[in-house]
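For reference, protein38.csv is printed below; it contains CSV, C-alpha atoms.
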chain,number,residue,atom,x,y,z
A,1,MET,CA,119.3,77.7,119.4
A,2,LEU,CA,120.6,78.6,122.8
A,3,ALA,CA,121.2,82.2,121.7
A,4,LEU,CA,117.7,82.5,120.5
A,5,PHE,CA,116.4,80.9,123.7
A,6,ARG,CA,118.3,83.6,125.7
A,7,LYS,CA,117.0,86.3,123.4
A,8,GLU,CA,113.4,85.3,124.0
A,9,ILE,CA,113.8,85.3,127.8
A,10,ASN,CA,115.6,88.6,127.9
A,11,SER,CA,113.2,90.3,125.5
A,12,PHE,CA,110.2,89.2,127.7
A,13,PHE,CA,111.7,90.8,130.8
A,14,SER,CA,113.2,93.8,129.1
A,15,SER,CA,109.8,95.5,129.3
A,16,LEU,CA,107.1,95.7,131.9
A,17,THR,CA,104.9,93.2,130.1
A,18,GLY,CA,106.7,90.2,131.5
A,19,TYR,CA,106.5,91.4,135.1
A,20,ILE,CA,102.9,92.6,134.8
A,21,VAL,CA,101.7,89.2,133.4
A,22,ILE,CA,103.4,87.2,136.2
A,23,ILE,CA,102.2,89.6,138.9
A,24,LEU,CA,98.6,89.5,137.6
A,25,PHE,CA,98.7,85.7,137.6
A,26,LEU,CA,99.9,85.5,141.2
A,27,LEU,CA,97.5,88.3,142.3
A,28,VAL,CA,94.4,86.7,140.8
A,29,ASN,CA,95.2,83.2,142.1
A,30,SER,CA,96.0,84.6,145.6
A,31,ILE,CA,92.6,86.4,145.7
A,32,VAL,CA,90.7,83.3,144.5
A,33,LEU,CA,92.5,80.9,146.9
A,34,TRP,CA,92.6,83.0,150.0
A,35,CYS,CA,89.8,85.6,149.7
A,36,THR,CA,86.9,84.7,147.4
A,37,GLY,CA,86.6,81.0,146.9
A,38,ASP,CA,84.1,79.2,144.7
A,39,GLY,CA,80.4,79.0,145.5
A,40,SER,CA,79.4,77.5,148.9
A,41,ALA,CA,82.8,76.0,149.4
A,42,GLY,CA,84.4,79.4,150.0
A,43,ASN,CA,88.1,80.0,150.1
A,44,VAL,CA,90.6,77.7,151.9
A,45,LEU,CA,90.3,79.7,155.1
A,46,ASP,CA,86.4,79.5,155.1
A,47,ASN,CA,86.1,75.8,154.2
A,48,GLY,CA,88.6,74.7,156.8
A,49,TYR,CA,90.5,72.3,154.5
A,50,ALA,CA,94.2,72.4,153.6
A,51,ASP,CA,93.5,71.9,149.9
A,52,MET,CA,94.8,73.6,146.7
A,53,GLY,CA,91.9,72.5,144.6
A,54,LEU,CA,90.7,76.1,144.1
A,55,PHE,CA,94.1,77.1,142.7
A,56,PHE,CA,94.4,74.1,140.4
A,57,GLY,CA,90.8,74.5,139.3
A,58,ASN,CA,91.1,78.1,138.4
A,59,ALA,CA,94.7,78.3,137.1
A,60,PRO,CA,93.9,76.7,133.7
A,61,TYR,CA,91.3,79.4,133.0
A,62,ILE,CA,93.8,82.1,133.9
A,63,PHE,CA,96.3,80.4,131.6
A,64,LEU,CA,93.9,81.0,128.8
A,65,ILE,CA,95.0,84.7,129.0
A,66,LEU,CA,98.4,84.3,130.5
A,67,VAL,CA,100.0,81.9,128.0
A,68,PRO,CA,98.7,83.7,124.8
A,69,ALA,CA,100.0,86.9,126.3
A,70,ILE,CA,103.4,85.3,126.6
A,71,THR,CA,103.4,83.7,123.1
A,72,MET,CA,101.7,86.4,121.1
A,73,ARG,CA,104.9,88.2,120.2
A,74,SER,CA,106.9,85.0,119.3
A,75,PHE,CA,106.5,85.3,115.5
A,76,ALA,CA,104.0,88.1,115.1
A,77,GLU,CA,106.5,90.7,116.3
A,78,GLU,CA,109.1,89.2,114.0
A,79,GLN,CA,106.7,89.7,111.1
A,80,SER,CA,105.5,93.2,112.0
A,81,VAL,CA,109.1,94.6,112.4
A,82,GLY,CA,110.4,92.7,109.3
A,83,THR,CA,113.0,90.5,111.1
A,84,ILE,CA,111.3,87.2,110.2
A,85,GLU,CA,113.2,86.9,106.9
A,86,SER,CA,116.6,87.4,108.5
A,87,LEU,CA,115.6,84.9,111.2
A,88,MET,CA,114.6,82.3,108.6
A,89,THR,CA,117.8,82.7,106.6
A,90,LYS,CA,120.1,82.1,109.6
A,91,PRO,CA,121.9,78.8,109.8
A,92,ILE,CA,119.3,77.3,112.1
A,93,SER,CA,116.4,75.0,111.1
A,94,GLU,CA,112.8,76.0,111.6
A,95,ALA,CA,112.5,73.2,114.1
A,96,LYS,CA,115.2,74.7,116.3
A,97,ILE,CA,113.7,78.2,116.0
A,98,ILE,CA,110.4,76.8,117.1
A,99,MET,CA,111.8,74.8,120.0
A,100,ALA,CA,113.9,77.8,121.2
A,101,LYS,CA,110.7,79.9,121.4
A,102,TYR,CA,108.7,77.0,122.8
A,103,LEU,CA,111.2,76.2,125.6
A,104,ALA,CA,111.6,79.9,126.4
A,105,SER,CA,107.8,80.3,126.8
A,106,LEU,CA,107.7,77.2,129.0
A,107,VAL,CA,110.4,78.6,131.2
A,108,LEU,CA,108.5,81.9,131.5
A,109,VAL,CA,105.4,80.0,132.6
A,110,ALA,CA,107.4,78.1,135.1
A,111,PHE,CA,108.7,81.5,136.5
A,112,ALA,CA,105.0,82.4,137.1
A,113,ILE,CA,104.2,79.0,138.7
A,114,ILE,CA,107.2,78.7,141.0
A,115,PRO,CA,106.1,81.4,143.5
A,116,THR,CA,102.8,79.6,144.0
A,117,PHE,CA,104.7,77.0,146.0
A,118,ILE,CA,104.2,79.5,148.9
A,119,TYR,CA,100.6,78.4,148.8
A,120,TYR,CA,101.5,74.8,149.4
A,121,ILE,CA,104.0,75.7,152.1
A,122,SER,CA,101.4,77.9,153.9
A,123,LEU,CA,98.7,75.2,153.7
A,124,TYR,CA,101.2,72.6,154.9
A,125,ARG,CA,102.1,74.7,157.9
A,126,ILE,CA,98.5,75.7,158.9
A,127,GLY,CA,97.1,72.2,158.5
A,128,ASN,CA,95.8,70.4,161.6
A,129,PRO,CA,97.9,68.5,162.2
A,130,VAL,CA,100.9,70.2,160.4
A,131,GLY,CA,101.4,68.6,157.0
A,132,ASN,CA,97.8,67.5,156.6
A,133,ILE,CA,97.7,68.0,152.9
A,134,ASP,CA,97.8,65.6,150.0
A,135,THR,CA,101.3,66.3,148.7
A,136,GLY,CA,101.1,63.6,146.0
A,137,ALA,CA,98.0,65.2,144.5
A,138,VAL,CA,99.6,68.7,144.7
A,139,MET,CA,102.7,67.6,142.9
A,140,GLY,CA,100.6,65.8,140.3
A,141,SER,CA,98.6,68.9,139.8
A,142,TYR,CA,101.7,71.0,139.3
A,143,ILE,CA,102.9,68.5,136.6
A,144,GLY,CA,99.5,68.7,135.0
A,145,LEU,CA,99.6,72.5,135.1
A,146,LEU,CA,102.9,72.5,133.2
A,147,LEU,CA,101.7,70.0,130.7
A,148,LEU,CA,98.6,72.0,130.1
A,149,ALA,CA,100.7,75.2,129.7
A,150,SER,CA,102.8,73.3,127.2
A,151,ILE,CA,99.8,72.7,124.9
A,152,TYR,CA,98.7,76.3,125.3
A,153,ILE,CA,102.2,77.4,124.3
A,154,SER,CA,102.3,75.3,121.2
A,155,ILE,CA,98.9,76.7,120.2
A,156,GLY,CA,100.1,80.2,120.9
A,157,LEU,CA,103.2,79.7,118.7
A,158,PHE,CA,101.0,78.4,115.9
A,159,ALA,CA,98.6,81.4,116.3
A,160,SER,CA,101.6,83.8,116.3
A,161,SER,CA,103.0,82.3,113.2
A,162,LEU,CA,99.7,83.0,111.3
A,163,ALA,CA,99.4,86.6,112.4
A,164,GLU,CA,101.4,89.8,111.7
A,165,ASN,CA,99.7,91.6,114.6
A,166,GLN,CA,100.3,90.7,118.2
A,167,ILE,CA,96.7,91.4,119.2
A,168,VAL,CA,95.4,89.2,116.5
A,169,ALA,CA,97.8,86.5,117.6
A,170,LEU,CA,96.6,86.9,121.2
A,171,LEU,CA,92.9,86.6,120.2
A,172,LEU,CA,93.4,83.7,117.9
A,173,SER,CA,95.4,81.9,120.5
A,174,ILE,CA,92.7,82.4,123.1
A,175,VAL,CA,90.0,81.1,120.8
A,176,LEU,CA,92.0,78.0,120.0
A,177,CYS,CA,92.8,77.4,123.7
A,178,VAL,CA,89.1,77.8,124.6
A,179,ILE,CA,88.1,75.3,122.0
A,180,ILE,CA,90.5,72.7,123.3
A,181,THR,CA,89.6,73.5,126.9
A,182,ALA,CA,85.9,74.0,126.9
A,183,VAL,CA,84.2,73.4,123.5
A,184,PHE,CA,85.1,69.7,123.4
A,185,ASN,CA,83.6,69.3,126.8
A,186,ILE,CA,80.4,71.0,125.8
A,187,ILE,CA,80.0,69.1,122.6
A,188,GLY,CA,80.9,65.8,124.3
A,189,GLY,CA,78.1,66.4,126.8
A,190,LEU,CA,75.4,66.8,124.1
A,191,SER,CA,73.0,63.8,123.8
A,192,PHE,CA,73.1,64.2,120.0
A,193,PHE,CA,76.7,62.8,120.0
A,194,LYS,CA,75.9,60.1,122.6
A,195,ALA,CA,77.7,57.4,120.7
A,196,PHE,CA,80.9,59.5,120.4
A,197,ASN,CA,80.7,61.4,123.7
A,198,LEU,CA,83.7,59.7,125.3
A,199,PHE,CA,85.8,60.1,122.2
A,200,ILE,CA,85.0,63.8,121.8
A,201,LEU,CA,85.7,64.5,125.5
A,202,GLN,CA,89.1,62.8,125.2
A,203,LEU,CA,90.0,65.2,122.4
A,204,GLY,CA,89.8,68.1,124.9
A,205,VAL,CA,92.6,68.8,127.4
A,206,VAL,CA,90.4,68.9,130.6
A,207,PRO,CA,90.0,65.1,131.2
A,208,HIS,CA,93.7,64.5,130.8
A,209,TYR,CA,94.6,67.5,133.1
A,210,VAL,CA,92.2,66.3,135.7
A,211,SER,CA,93.5,62.8,135.6
A,212,ILE,CA,97.1,63.9,136.2
A,213,SER,CA,96.0,66.3,138.8
A,214,ARG,CA,94.8,63.4,140.9
A,215,GLY,CA,98.4,62.3,141.1
A,216,VAL,CA,97.9,59.4,138.7
A,217,ILE,CA,100.4,59.4,135.7
A,218,ASP,CA,98.6,57.5,133.0
A,219,THR,CA,100.5,56.8,129.8
A,220,ARG,CA,97.4,57.7,127.8
A,221,ASP,CA,97.4,61.2,129.2
A,222,ILE,CA,101.1,61.6,128.5
A,223,VAL,CA,100.6,60.4,124.9
A,224,TYR,CA,97.8,63.0,124.6
A,225,PHE,CA,100.0,65.9,125.7
A,226,ILE,CA,102.9,64.8,123.6
A,227,SER,CA,100.7,64.4,120.5
A,228,ALA,CA,98.9,67.7,121.0
A,229,ASN,CA,102.1,69.5,121.4
A,230,GLY,CA,103.6,67.8,118.4
A,231,PHE,CA,100.6,68.5,116.2
A,232,PHE,CA,100.6,72.3,116.8
A,233,LEU,CA,104.4,72.6,116.7
A,234,LEU,CA,104.3,70.8,113.3
A,235,CYS,CA,101.5,73.2,112.1
A,236,THR,CA,103.8,76.1,113.1
A,237,LYS,CA,106.7,74.6,111.2
A,238,THR,CA,104.5,74.1,108.1
A,239,VAL,CA,103.5,77.8,108.3
A,240,LEU,CA,107.1,78.9,108.6
A,241,GLN,CA,108.3,76.7,105.7
A,242,LYS,CA,105.6,78.2,103.4
A,243,ARG,CA,107.5,81.5,103.7
A,244,LYS,CA,110.3,79.9,101.7
A,245,TRP,CA,108.1,78.8,98.9

Turn this file's structure into structure tokens for me.
Amino acid sequence: MLALFRKEINSFFSSLTGYIVIILFLLVNSIVLWCTGDGSAGNVLDNGYADMGLFFGNAPYIFLILVPAITMRSFAEEQSVGTIESLMTKPISEAKIIMAKYLASLVLVAFAIIPTFIYYISLYRIGNPVGNIDTGAVMGSYIGLLLLASIYISIGLFASSLAENQIVALLLSIVLCVIITAVFNIIGGLSFFKAFNLFILQLGVVPHYVSISRGVIDTRDIVYFISANGFFLLCTKTVLQKRKW
């Protein structure tokens, strides 16, 4: 499992793809946070508040592209080059193969997130007075961002296990991530489903991400993230096991 984990990390950075994905993530977030902003609020320099809300508000939508770009090759590439059979016949269980790829993808996302701590340090220093920033909410938001990424990764692995083409895996992953991010929110807001609005909303990832981003660790949110990850990872395992039938 450790060898496969290292292989996934090395293969991602062995080409320009890994570096381009991370650089684009940092570049887009930097522009949004410091240069453009959102509506009348403007960027952090315009609105005069040491707040990372713009970053944590926009990062999930950037993740809709970033995470599928990381996971699209996980199994799709193995299938396209014909190495999936040899991988499945190695003395390692499907669960360990999936976990190795899952953890490798999570580490890669962490590599993209870590440099953004410079945003927090900058806002901490330029605050008036110095340190005038809600550190608890920032740390909670980072935890929420990693948990959100973990669900997108499990979805991406599932999509990659279904496809033999990386582009197909990318598009399928994006569609599924959009459904769990936005579609449940839209449906839950319709008056037609009034009696089930709260239940439908809770099926989406946004309410749970927002809750943790406030710095409040609720066991219901943790259970949701664990359950969603477990569901899609189990679906991935089922797809891989069918190859042995």

Next on the checklist: What's around Ile155 (chain A) at 8 Å? Count all atoms listed in the file, leave out sequence neighbours fewer than 6 positions away in its own chain, and write the answer as a ChimeraX atom specification.
Outcome noted: /A:173,176-177,229,232-233

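Excluding Ile179 (chain A) itself and any same-chain residue fewer than 5 positions from it, the protein and nucleic acid residues within 12 Å of it, counting all atoms listed in the file, are Leu64, Tyr152, Ile155, Leu172, Ser173, Ile174, Phe184, Asn185, Ile186, Ile187, Ile200, Leu201, Leu203, Gly204, Val205 and Val206 of chain A.
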
Next on the checklist: Residues near Leu170 (chain A), anyone? I mean within 12 Å using only C-alpha atoms, not counting same-chain ones fewer than 5 positions away, as an NGL selection string.
Outcome noted: :A and (64-77 or 152-153 or 155-165 or 175-177)

Restrict the selected residues to C-alpha atoms and save them as a PDB file, in the coordinates of the input.
ATOM      1  CA  LEU A  64      93.900  81.000 128.800  1.00  0.00           C
ATOM      2  CA  ILE A  65      95.000  84.700 129.000  1.00  0.00           C
ATOM      3  CA  LEU A  66      98.400  84.300 130.500  1.00  0.00           C
ATOM      4  CA  VAL A  67     100.000  81.900 128.000  1.00  0.00           C
ATOM      5  CA  PRO A  68      98.700  83.700 124.800  1.00  0.00           C
ATOM      6  CA  ALA A  69     100.000  86.900 126.300  1.00  0.00           C
ATOM      7  CA  ILE A  70     103.400  85.300 126.600  1.00  0.00           C
ATOM      8  CA  THR A  71     103.400  83.700 123.100  1.00  0.00           C
ATOM      9  CA  MET A  72     101.700  86.400 121.100  1.00  0.00           C
ATOM     10  CA  ARG A  73     104.900  88.200 120.200  1.00  0.00           C
ATOM     11  CA  SER A  74     106.900  85.000 119.300  1.00  0.00           C
ATOM     12  CA  PHE A  75     106.500  85.300 115.500  1.00  0.00           C
ATOM     13  CA  ALA A  76     104.000  88.100 115.100  1.00  0.00           C
ATOM     14  CA  GLU A  77     106.500  90.700 116.300  1.00  0.00           C
ATOM     15  CA  TYR A 152      98.700  76.300 125.300  1.00  0.00           C
ATOM     16  CA  ILE A 153     102.200  77.400 124.300  1.00  0.00           C
ATOM     17  CA  ILE A 155      98.900  76.700 120.200  1.00  0.00           C
ATOM     18  CA  GLY A 156     100.100  80.200 120.900  1.00  0.00           C
ATOM     19  CA  LEU A 157     103.200  79.700 118.700  1.00  0.00           C
ATOM     20  CA  PHE A 158     101.000  78.400 115.900  1.00  0.00           C
ATOM     21  CA  ALA A 159      98.600  81.400 116.300  1.00  0.00           C
ATOM     22  CA  SER A 160     101.600  83.800 116.300  1.00  0.00           C
ATOM     23  CA  SER A 161     103.000  82.300 113.200  1.00  0.00           C
ATOM     24  CA  LEU A 162      99.700  83.000 111.300  1.00  0.00           C
ATOM     25  CA  ALA A 163      99.400  86.600 112.400  1.00  0.00           C
ATOM     26  CA  GLU A 164     101.400  89.800 111.700  1.00  0.00           C
ATOM     27  CA  ASN A 165      99.700  91.600 114.600  1.00  0.00           C
ATOM     28  CA  VAL A 175      90.000  81.100 120.800  1.00  0.00           C
ATOM     29  CA  LEU A 176      92.000  78.000 120.000  1.00  0.00           C
ATOM     30  CA  CYS A 177      92.800  77.400 123.700  1.00  0.00           C
TER      31      CYS A 177
END

Next on the checklist: List as an MDAnalysis selection string the protein and nucleic acid residues near Leu123 (chain A), meaning an atom at most 12 Å away when all atoms listed in the file are counted, but skip any in the same chain fewer than 3 places from it.
Outcome noted: chainID A and resid 33:34 44:45 48:53 116:120 126:135 138

Checklist entry - How many Å separate CA of Val81 (chain A) from CA of Glu8 (chain A)? => result 15.5 Å

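In this structure, CA of Phe225 (chain A) sits 25.5 Å away from CA of Arg6 (chain A).
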
Item to check | region 84-94 of chain A surroundings by all atoms listed in the file, 10 Å radius, close-in-sequence under 2 positions cut, as an MDAnalysis selection string | outcome: chainID A and resid 1 4 75:82 96:100 236:238 240:241 243:244
